[in-house]
Amino acid sequence: MKYTTEDLKNFNPKFDYFIGIDSDGCVFDSMEPKQKECFCPVTIEKWGLAPISKYARDVWEFVNLYSQDRGCNRFLALLKLFDWLKMHPAVNRRKFEVPDLVDLRHWTKSETKLGNPTLQQEIDRTGSEELKKVMDWSVTINQAVARIVKGVGPFPLLPEILTHMREKADVIVVSSTPAEALIREWEEHDIDRFVSIIAGQEMGSKKEHLKYTTADKYQPEKVLMIGDAPGDMKAAKANNAMFYPIIPGREEESWERLYNEILDLFFSGKYSRDVETKLIDEFNSYLPASPAWLK
Ligand SMILES: [Mg+2]
């Protein structure tokens with residue numbers, strides 16, 4: 001089933017509580033195979049980064065897996081990759097010319113639904129050769145993900161946790177992954193039945209997904225966003241919602257803690273900002289803002 005931005009805007013609460021859940025790296029143990037086996041090799045190939053592949057790989061993984069930018073939209077990740085590469089001493093020593101991607105930068109500043117459909121509109125409008133190249137890269141990534149990322153299931157406990165959530169809250173998927181991949185993955189593992197809407201990158205930013213579904217519909221302290229990336233936390237904060245972090249590398253423990261302690265606190269109005277802050281501090285300690293080679 002395909003969803004639209006209108007589905008988010010017209011969303012009618014059935015419960016007093018709302019839970020938004022990120023997908024990649026949060027529900028699914030899919031970040032490593034997606035980033036390391038699909039995104040990174042396609043990026044090195046399509047942008048001619050073979051001469052600096054070691055550094056490109058390090059930076060790509062830093063941005064997308066091991067830093068404050070973990071989980072960010074792919075188009076923003078591409079810009080961040082090139083920003084970091086421009087500052088990389090080893091890349092500069094090799095006199096490698098890192099592309100500027102002016103058109104992509106311009107587009108990402110004015111568009112919030114950063115996905116292939118809006119990119120195509122921008123290509124039709126501007127005829128930009130650079131954006132055509134970005135589209136080819138993005139489409140090739142989707143093909144690689146569909147071909148390679150198979151059988152990657154949700155973390156243990158997820159069906160039990162989702163069942164429990166559904167008894168007391170409206171639950172939707174809040175993600176910056178393309179909808180076709182999201183729906184395929186949630187259906188493949190038969191967990192789509194637990195959520196009311198699956199929102200991907202074509203339906204807006206995560207901040208917008210939460211705003212459309214929750215603003216003026218729930219009390220802010222009854223809205224919870226669960227995610228494995230600072231971007232998920234920012235989306236929650238922008239909507240005054242509560243955040244619960246799934247800590248990268250400690251996902252199973254994080255879900256157990258949610259299941260055994262935090263959900264009960266949340267549903268009884270006791271998941272306080274103090275408790276949340278301690279968890280966020282712990283989460284942030286796992287994700288540095290700048291790479292080790294810059295120091
Ligand atoms: Mg994620």
# chains A, B, ... in the order shown; residues from 1 in each chain; ligands from 1
$ residues_near_ligand --ligand "ligand 1" --cutoff "6 Å" --atoms "only C-alpha atoms and all ligand atoms" --output "PyMOL selection string"
chain A and resi 22-26+71+227-229
$ select_by_dssp --residues "region 115-283 of chain A" --states "alpha helix (DSSP H)" --output "JSON, numbers by chain"
{"A": [116, 117, 118, 119, 120, 121, 122, 123, 124, 125, 126, 129, 130, 131, 132, 133, 134, 135, 136, 137, 138, 139, 140, 141, 142, 143, 144, 145, 146, 147, 148, 158, 159, 160, 161, 162, 163, 164, 165, 166, 167, 168, 179, 180, 181, 182, 183, 184, 185, 186, 187, 188, 206, 207, 208, 209, 210, 211, 212, 213, 214, 230, 231, 232, 233, 234, 235, 236, 237, 238, 251, 252, 253, 254, 255, 256, 257, 263, 264, 265, 266, 267, 273, 274, 275, 276, 277, 278, 279, 280, 281, 282, 283]}
$ closest_residue --among "A:Ala77, A:Ile246, A:Val195, A:Ile262" --to "Glu167 (chain A)" --atoms "only C-alpha atoms"
A:Val195
$ closest_residue --among "A:Arg57, A:Lys36, A:Lys9, A:Lys234" --to "Leu85 (chain A)" --atoms "only C-alpha atoms"
A:Arg57
$ residues_around --residues "region 269-276 of chain A" --least-positions-apart "3" --cutoff "10 Å" --atoms "only C-alpha atoms" --output "MDAnalysis selection string"
chainID A and resid 221:222 224 242:245 261:266 279:281
$ closest_residue --among "A:Asp170, A:Glu97, A:Glu6, A:Asp83" --to "Phe18 (chain A)" --atoms "only C-alpha atoms"
A:Asp170
